[in-house]
Each structure stands twice: as structure tokens, then as C-alpha cells.
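Right, one structure below, let's go through it.
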Amino acid sequence: MEDSKLPMALRSNLLDLFGQIEREFENLYIENLELRREIESLNERLAGEGQTVDGGDLSKGALKTKASHSTSQLSQKLKTTYKASTSKIVSSFKATTSRAVCQLVKEYVGHRDGIWDLAVTRVTPLVLGTASADHCSMLWSIETGKCLLKYAGHAGSVNSIKFHPTEQMALTASGDQTAHIWRYMVQLPLPQPPADISASLDDDVDFSDKDEADGEAEGPNECPTIRVATTTLKSHQGVVIAADWLVGGKQVVTASWDRAANLYDVETSELVHTLTGHDQELTHCCTHPTQRLVVTSSRDTTFRLWDFRDPSIHSVNVFQGHTDTVTSAVFTVGDNVVSGSDDRTVKVWDLKNMRSPIATIRTDSAVNRISVSANQRIIALPHDNRQVRLFDMNGVRLARLPRSNRQGHRRMVCCSAWNEENQACNLFTCGFDRQAIGWNINIPALLQEK
């Protein structure tokens, strides 16, 4: 590696991507081993029971009864073991909900590399924003799936995107060691006839045979492109992995692999505070919707809560609830923080008493950037193993989004984002298969099934 001609930022990016790939393969390998063990165990039991039956004279009444009892026992064992293994390795039957509850509505295809992050604008017109490893950010029409605008001002992977609370401005963080603020104006296309929307929900639509690059020829090339930022924030010495607006939109916070988070003034682009204390690279940052609170996540297995409500005191609390990288920690509308980790757990915390979590969700795969719906507070978990699962704040599993060769994500799912303003498409996910997906989650039906 000493002789490498690649820039340090690019090398770091590559190493991180290879690490992600290795982790995904490792998860698949472990699941495969567990499945094989279960199959071998079932075969051994089957062979054992079969020998008992075959060894006797089945014309005798007693043996007939014994054989019948034995077969019944074996059938019961198979059912029990199958249920247990399905629950442990794949997912519980409860997670497989009907299509009426969770439906794929729209795919947003056009990025040339994996999509790390996505968000929905907070002012009208409501559009979807995506941040990709292809160095671009895109704004999409939620209804039609067409690209409306492309931001190409970064010189590295775009790792996150967040929208200003009241203005048409976006904040993006990048592997080029900067965060950019840029203004956008978009013209929404005319809505499609209802027939087209129902066709996209049809069972017969095959999503698996699409060429992964088919969006490159149409969507992005027709998009207007912005190449210059309104404001560039540069103080970090490493990849900027995430950024968010503080309440009011006058300040932003950025999180970096240089182990620090920075607080900037938007108008002057000056650095206001450097938040240090994490022992390893940061992975995410999030701001409270109504208070001057920031939470940062790190590979050091902790997340930190920074309090800027009192200008004279900037307190910090460290939370050590995980055993591996904390991939994200987010605020809810109430007084909770929800954290997700590579240790395959998600934990719900009470801001008033954060000594221990009030709920722990254990899963079978590393968890990436989670989101919590504002109204019903449903947590959407995007996983390394291509699944997306929904849980309530008590840790009860509500659903697993449909995924097969025909629909859903075909690679690691990186992020989820709720948008309850839009009835037809109220949850979005994105991943390494270069696509974002819009889902319709029938929340009343979901909660009724619980």
C-alpha cells in the first residue's frame, strides 16, 4: 500500500467499501452454515426415526401403532424445528405480512454507484433526495420516479443528504472532506394517470431482470445539473460521513472520520465548535427536531449526546450500550433516542434516563441508518442482509418489507427515511444496488395486525 498512487481519501473510501463487502459476505456465510447445521440435524433425526420403524414387522398391530406414533412425533419435531429455525435464521412468520400492508410503489433508478443516504424535502414541493458513492446527489419526483435535478459539486462520494427546515436548500457531506450547502429549484412533472401507478404494484412486474445501468441512458442525462455550492464547509481532516441542520436552520453539524464533529454557522460558514471525544471514526450525526441537541455515533461502539440549549454550558453524555460500531442514533419526536449498530441490535433510550435502554431489538444482521416515523413512531431497520424490518418503540416486530428476486433490494440496504406527508409513498429505502425504493406502508393495518 505504501507504493499506491491513489489519493488518501480514495484509498480510505475503497478500504471502507471492501470492509462493507467483506461483512456482507461474512453474514451470508454464517447464515449458510447455520442453515446447513439445521438440515443435517433434521436428516439425522429422520434417519434415526426411520430405522426404528423399518426394523420391525409392520403387520403387527402394536408396531403399526408405534410406527404411526413415531411418524406423528417426527412430523411434530420437523414442524417445531422448522418453525424455530425459520424464526432464528430467516425471520418469524409474523414478519411476513400481506402485500396489502407493505407494498413496493416506485423505484428510483439512475445513480451509477451505491446510494448511501436519502431524505425527503421539508418544504413544498415534496421531492426525494439521494446521496451516492458516484459523487452525485439527485432530487427525484416521488410520484413519477424521474430525476428532477442533479448536484455534482463534490469531488468524492456523497455520504449524506439533509434538507433545510424552511428553505429550498440541501446539505450534503462527502468523502472529499467537505460539506456543501446548495440551493435548488425543481419543477414537478405532471402526475401520471392512475393506471400507471396500479401497474407498478402488479404482481407480474419483474424487477430482477432490469439492467442495473438502464437508468444511466435516460434519467440523469435529462436532469438539470448544479455544479457549484452556495456554501462550502471545510475544516475536517478526513471523510465527512454525515451532516444535519440544527433546529431553525441557522447552524449545521458535520461528522467525520477525523473523529470530530463540527458545528458551523450557515450564514458566515465559520466553525463555531469542534466536538471531540470519540476514540474512532464517526459514522453519523442527527439533530433534535425542536431542541438544540445533537447525537453523534462512532465506530468506538458509543454514541454521544451534545447539549447546546444553554449557550454557556455545552454538556456531553456518553452512551455505551453497544458492542460494535454504532451506525446511527436518531431522535424521535418524543423524548427518545434510537440507536442501531453492527452488533445486530437496535436500542431505544429515554432522554430523561439514559443509563440503560428501555427496549432492545435483536436481529440477524448488522443495522444501518435507521429512521423513526413521527406520528406512530415506527422504526424502520435497513440491514446488511438486504432486508428491511419495521418495529415499534417497545421492540415488537411489526413487518418485514417484501423482498424476492422480483422486488426489493438486491444488495445491502444503507438507509431508510419516513415521509408521512405522502399517503401513497410513506417510506423510502436505498442501498448498494444503486436504487432507492418508495414503499406504501398501511400503518393502521400494520398496528391492527400487532
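Just so we're on the same page: first chain in the C-alpha cells is A, next is B, and so on; residues restart at 1 for each chain, and ligands are numbered from 1 in the order they show up.
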
Which residues of region 222-290 of chain A sit at most 7 Å from region 161-168 of chain A, using only C-alpha atoms? Give each one's shortest atom pair and distance in Å (one decimal place), in chain and ascending residue order, as a tab-separated table.
residue	atom	partner	partner_atom	distance
A:Asp244	CA	A:Lys162	CA	5.9
A:Trp245	CA	A:His164	CA	6.5
A:Gly248	CA	A:Pro165	CA	6.9
A:Gly249	CA	A:His164	CA	6.0

Go ahead and save the picked residues with N, CA, C and O atoms, as a PDB file, in the first residue's frame.
ATOM      1  N   ASP A 244     -26.143  17.487   9.390  1.00  0.00           N
ATOM      2  CA  ASP A 244     -27.562  17.759   9.642  1.00  0.00           C
ATOM      3  C   ASP A 244     -27.738  19.216  10.052  1.00  0.00           C
ATOM      4  O   ASP A 244     -26.802  19.861  10.544  1.00  0.00           O
ATOM      5  N   TRP A 245     -28.959  19.744   9.850  1.00  0.00           N
ATOM      6  CA  TRP A 245     -29.305  21.110  10.235  1.00  0.00           C
ATOM      7  C   TRP A 245     -29.761  21.129  11.687  1.00  0.00           C
ATOM      8  O   TRP A 245     -30.585  20.306  12.082  1.00  0.00           O
ATOM      9  N   GLY A 248     -34.135  25.367  13.358  1.00  0.00           N
ATOM     10  CA  GLY A 248     -34.077  26.754  12.896  1.00  0.00           C
ATOM     11  C   GLY A 248     -33.280  26.919  11.615  1.00  0.00           C
ATOM     12  O   GLY A 248     -33.489  27.862  10.865  1.00  0.00           O
ATOM     13  N   GLY A 249     -32.329  26.011  11.361  1.00  0.00           N
ATOM     14  CA  GLY A 249     -31.584  26.028  10.113  1.00  0.00           C
ATOM     15  C   GLY A 249     -30.485  27.064  10.003  1.00  0.00           C
ATOM     16  O   GLY A 249     -29.952  27.301   8.925  1.00  0.00           O
TER      17      GLY A 249
END

Counting only C-alpha atoms, what is within 6 Å of region 364-369 of chain A, bar same-chain residues fewer than 3 positions away, as a PDB file with all heavy atoms, in the first residue's frame?
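For reference, around10.pdb as written:
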ATOM      1  N   THR A 327     -23.970   2.546  14.030  1.00  0.00           N
ATOM      2  CA  THR A 327     -24.107   3.043  12.656  1.00  0.00           C
ATOM      3  C   THR A 327     -24.978   4.289  12.576  1.00  0.00           C
ATOM      4  O   THR A 327     -24.816   5.106  11.675  1.00  0.00           O
ATOM      5  CB  THR A 327     -24.685   1.948  11.748  1.00  0.00           C
ATOM      6  OG1 THR A 327     -25.860   1.409  12.387  1.00  0.00           O
ATOM      7  CG2 THR A 327     -23.678   0.831  11.533  1.00  0.00           C
ATOM      8  N   SER A 328     -25.912   4.444  13.522  1.00  0.00           N
ATOM      9  CA  SER A 328     -26.713   5.667  13.588  1.00  0.00           C
ATOM     10  C   SER A 328     -27.424   5.737  14.925  1.00  0.00           C
ATOM     11  O   SER A 328     -27.686   4.713  15.562  1.00  0.00           O
ATOM     12  CB  SER A 328     -27.744   5.717  12.443  1.00  0.00           C
ATOM     13  OG  SER A 328     -28.692   4.692  12.588  1.00  0.00           O
ATOM     14  N   GLY A 340     -28.765   2.218  16.358  1.00  0.00           N
ATOM     15  CA  GLY A 340     -28.591   0.963  15.626  1.00  0.00           C
ATOM     16  C   GLY A 340     -27.112   0.662  15.479  1.00  0.00           C
ATOM     17  O   GLY A 340     -26.289   1.583  15.460  1.00  0.00           O
ATOM     18  N   SER A 341     -26.772  -0.620  15.349  1.00  0.00           N
ATOM     19  CA  SER A 341     -25.359  -0.995  15.401  1.00  0.00           C
ATOM     20  C   SER A 341     -25.030  -2.186  14.517  1.00  0.00           C
ATOM     21  O   SER A 341     -25.906  -2.973  14.143  1.00  0.00           O
ATOM     22  CB  SER A 341     -24.982  -1.306  16.858  1.00  0.00           C
ATOM     23  OG  SER A 341     -23.703  -1.896  16.942  1.00  0.00           O
ATOM     24  N   ASP A 342     -23.736  -2.318  14.228  1.00  0.00           N
ATOM     25  CA  ASP A 342     -23.231  -3.513  13.554  1.00  0.00           C
ATOM     26  C   ASP A 342     -23.300  -4.738  14.462  1.00  0.00           C
ATOM     27  O   ASP A 342     -23.053  -5.857  14.001  1.00  0.00           O
ATOM     28  CB  ASP A 342     -21.774  -3.300  13.106  1.00  0.00           C
ATOM     29  CG  ASP A 342     -21.689  -2.509  11.805  1.00  0.00           C
ATOM     30  OD1 ASP A 342     -22.722  -2.390  11.116  1.00  0.00           O
ATOM     31  OD2 ASP A 342     -20.602  -2.008  11.476  1.00  0.00           O
ATOM     32  N   ARG A 344     -25.856  -5.929  15.456  1.00  0.00           N
ATOM     33  CA  ARG A 344     -27.147  -6.510  15.084  1.00  0.00           C
ATOM     34  C   ARG A 344     -28.278  -6.163  16.040  1.00  0.00           C
ATOM     35  O   ARG A 344     -29.300  -6.853  16.082  1.00  0.00           O
ATOM     36  CB  ARG A 344     -27.053  -8.037  14.929  1.00  0.00           C
ATOM     37  CG  ARG A 344     -25.968  -8.493  13.976  1.00  0.00           C
ATOM     38  CD  ARG A 344     -25.967  -9.994  13.821  1.00  0.00           C
ATOM     39  NE  ARG A 344     -24.909 -10.432  12.901  1.00  0.00           N
ATOM     40  CZ  ARG A 344     -24.813 -11.636  12.402  1.00  0.00           C
ATOM     41  NH1 ARG A 344     -25.708 -12.556  12.731  1.00  0.00           N
ATOM     42  NH2 ARG A 344     -23.841 -11.964  11.570  1.00  0.00           N
ATOM     43  N   PRO A 382     -32.886  -0.806   8.163  1.00  0.00           N
ATOM     44  CA  PRO A 382     -32.268  -1.317   6.937  1.00  0.00           C
ATOM     45  C   PRO A 382     -31.076  -2.202   7.297  1.00  0.00           C
ATOM     46  O   PRO A 382     -30.237  -1.821   8.116  1.00  0.00           O
ATOM     47  CB  PRO A 382     -31.808  -0.042   6.221  1.00  0.00           C
ATOM     48  CG  PRO A 382     -31.658   0.984   7.309  1.00  0.00           C
ATOM     49  CD  PRO A 382     -32.364   0.512   8.535  1.00  0.00           C
ATOM     50  N   HIS A 383     -30.999  -3.390   6.699  1.00  0.00           N
ATOM     51  CA  HIS A 383     -29.993  -4.375   7.103  1.00  0.00           C
ATOM     52  C   HIS A 383     -28.939  -4.635   6.025  1.00  0.00           C
ATOM     53  O   HIS A 383     -29.181  -4.469   4.834  1.00  0.00           O
ATOM     54  CB  HIS A 383     -30.676  -5.718   7.408  1.00  0.00           C
ATOM     55  CG  HIS A 383     -31.452  -5.743   8.688  1.00  0.00           C
ATOM     56  ND1 HIS A 383     -30.857  -5.722   9.921  1.00  0.00           N
ATOM     57  CD2 HIS A 383     -32.791  -5.791   8.908  1.00  0.00           C
ATOM     58  CE1 HIS A 383     -31.804  -5.773  10.857  1.00  0.00           C
ATOM     59  NE2 HIS A 383     -32.975  -5.813  10.268  1.00  0.00           N
ATOM     60  N   ASP A 384     -27.786  -5.130   6.482  1.00  0.00           N
ATOM     61  CA  ASP A 384     -26.741  -5.602   5.565  1.00  0.00           C
ATOM     62  C   ASP A 384     -27.233  -6.761   4.700  1.00  0.00           C
ATOM     63  O   ASP A 384     -26.760  -6.945   3.582  1.00  0.00           O
ATOM     64  CB  ASP A 384     -25.507  -6.084   6.362  1.00  0.00           C
ATOM     65  CG  ASP A 384     -24.546  -4.946   6.665  1.00  0.00           C
ATOM     66  OD1 ASP A 384     -24.896  -3.785   6.394  1.00  0.00           O
ATOM     67  OD2 ASP A 384     -23.442  -5.220   7.173  1.00  0.00           O
ATOM     68  N   CYS A 414     -28.805   0.591   2.894  1.00  0.00           N
ATOM     69  CA  CYS A 414     -27.980   1.541   3.654  1.00  0.00           C
ATOM     70  C   CYS A 414     -28.784   2.470   4.551  1.00  0.00           C
ATOM     71  O   CYS A 414     -28.281   2.911   5.588  1.00  0.00           O
ATOM     72  CB  CYS A 414     -27.146   2.392   2.703  1.00  0.00           C
ATOM     73  SG  CYS A 414     -25.978   1.432   1.722  1.00  0.00           S
ATOM     74  N   CYS A 415     -30.004   2.805   4.146  1.00  0.00           N
ATOM     75  CA  CYS A 415     -30.713   3.868   4.856  1.00  0.00           C
ATOM     76  C   CYS A 415     -32.217   3.736   4.656  1.00  0.00           C
ATOM     77  O   CYS A 415     -32.677   3.185   3.655  1.00  0.00           O
ATOM     78  CB  CYS A 415     -30.220   5.224   4.325  1.00  0.00           C
ATOM     79  SG  CYS A 415     -30.967   6.655   5.121  1.00  0.00           S
TER      80      CYS A 415
END

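Using only C-alpha atoms for every distance, the candidate list A:Asp117, A:Glu421, A:Asp300, A:Glu270 yields A:Glu270 as the residue closest to Leu233 (chain A).
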
If DSSP is run on the backbone, what residues of region 114-143 of chain A are strand (DSSP E)? A reply as a ChimeraX atom specification would be ideal.
/A:115-120,128-132,137-140

Write the selection just made, keeping C-alpha atoms, as a PDB file, in the first residue's frame?
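Written output follows (part_36.pdb):
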ATOM      1  CA  ILE A 115     -26.743   5.041  -2.578  1.00  0.00           C
ATOM      2  CA  TRP A 116     -25.650   5.792   0.990  1.00  0.00           C
ATOM      3  CA  ASP A 117     -28.410   8.088   2.179  1.00  0.00           C
ATOM      4  CA  LEU A 118     -31.771   9.592   1.319  1.00  0.00           C
ATOM      5  CA  ALA A 119     -34.177  12.207   2.677  1.00  0.00           C
ATOM      6  CA  VAL A 120     -37.427  13.946   1.752  1.00  0.00           C
ATOM      7  CA  LEU A 128     -36.855  12.748  -2.655  1.00  0.00           C
ATOM      8  CA  GLY A 129     -33.115  13.412  -2.338  1.00  0.00           C
ATOM      9  CA  THR A 130     -30.408  10.725  -2.632  1.00  0.00           C
ATOM     10  CA  ALA A 131     -26.665  10.740  -1.866  1.00  0.00           C
ATOM     11  CA  SER A 132     -24.461   8.310  -3.780  1.00  0.00           C
ATOM     12  CA  SER A 137     -26.752  13.802  -5.251  1.00  0.00           C
ATOM     13  CA  MET A 138     -30.119  13.647  -7.046  1.00  0.00           C
ATOM     14  CA  LEU A 139     -33.598  15.031  -6.459  1.00  0.00           C
ATOM     15  CA  TRP A 140     -36.492  12.857  -7.686  1.00  0.00           C
TER      16      TRP A 140
END

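From CA of Pro289 (chain A) back to CA of Asp265 (chain A), the distance works out to 17.9 Å.
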
Applying 12 Å and only C-alpha atoms, which residues near Cys147 (chain A) remain after dropping the ones on its own chain fewer than 5 positions away? List them as a PyMOL selection string.
chain A and resi 107-111+127-130+137-142+186-189+215-216+218-225+436

Could those selected residues go to a file with C-alpha atoms, as a PDB file, in the first residue's frame?
ATOM      1  CA  GLU A 107     -38.146   2.533  -7.920  1.00  0.00           C
ATOM      2  CA  TYR A 108     -35.751   5.446  -8.396  1.00  0.00           C
ATOM      3  CA  VAL A 109     -33.011   4.279 -10.753  1.00  0.00           C
ATOM      4  CA  GLY A 110     -30.217   6.388 -12.240  1.00  0.00           C
ATOM      5  CA  HIS A 111     -27.226   6.506  -9.884  1.00  0.00           C
ATOM      6  CA  VAL A 127     -39.230  15.593  -3.509  1.00  0.00           C
ATOM      7  CA  LEU A 128     -36.855  12.748  -2.655  1.00  0.00           C
ATOM      8  CA  GLY A 129     -33.115  13.412  -2.338  1.00  0.00           C
ATOM      9  CA  THR A 130     -30.408  10.725  -2.632  1.00  0.00           C
ATOM     10  CA  SER A 137     -26.752  13.802  -5.251  1.00  0.00           C
ATOM     11  CA  MET A 138     -30.119  13.647  -7.046  1.00  0.00           C
ATOM     12  CA  LEU A 139     -33.598  15.031  -6.459  1.00  0.00           C
ATOM     13  CA  TRP A 140     -36.492  12.857  -7.686  1.00  0.00           C
ATOM     14  CA  SER A 141     -40.192  13.218  -8.318  1.00  0.00           C
ATOM     15  CA  ILE A 142     -41.761  10.911  -5.719  1.00  0.00           C
ATOM     16  CA  VAL A 186     -37.419  21.994  -9.149  1.00  0.00           C
ATOM     17  CA  GLN A 187     -40.460  21.808 -11.392  1.00  0.00           C
ATOM     18  CA  LEU A 188     -42.636  18.793 -10.600  1.00  0.00           C
ATOM     19  CA  PRO A 189     -43.795  16.840 -13.680  1.00  0.00           C
ATOM     20  CA  GLY A 215     -31.247   4.371 -15.739  1.00  0.00           C
ATOM     21  CA  GLU A 216     -27.996   5.865 -16.966  1.00  0.00           C
ATOM     22  CA  GLU A 218     -32.423   8.226 -19.626  1.00  0.00           C
ATOM     23  CA  GLY A 219     -32.994   9.842 -16.196  1.00  0.00           C
ATOM     24  CA  PRO A 220     -29.784  11.558 -15.109  1.00  0.00           C
ATOM     25  CA  ASN A 221     -28.773  12.888 -18.535  1.00  0.00           C
ATOM     26  CA  GLU A 222     -32.046  14.786 -18.846  1.00  0.00           C
ATOM     27  CA  CYS A 223     -31.635  16.346 -15.380  1.00  0.00           C
ATOM     28  CA  PRO A 224     -30.532  19.938 -14.922  1.00  0.00           C
ATOM     29  CA  THR A 225     -27.177  19.828 -13.079  1.00  0.00           C
ATOM     30  CA  ALA A 436     -33.959   3.894  -3.974  1.00  0.00           C
TER      31      ALA A 436
END

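Nearest residue to Arg386 (chain A), choosing from A:Leu28, A:Lys146, A:Lys347, A:Leu293 and counting only C-alpha atoms: A:Leu28.
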
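Between CA of Gln387 (chain A) and CA of Phe331 (chain A) lies a distance of 22.8 Å.
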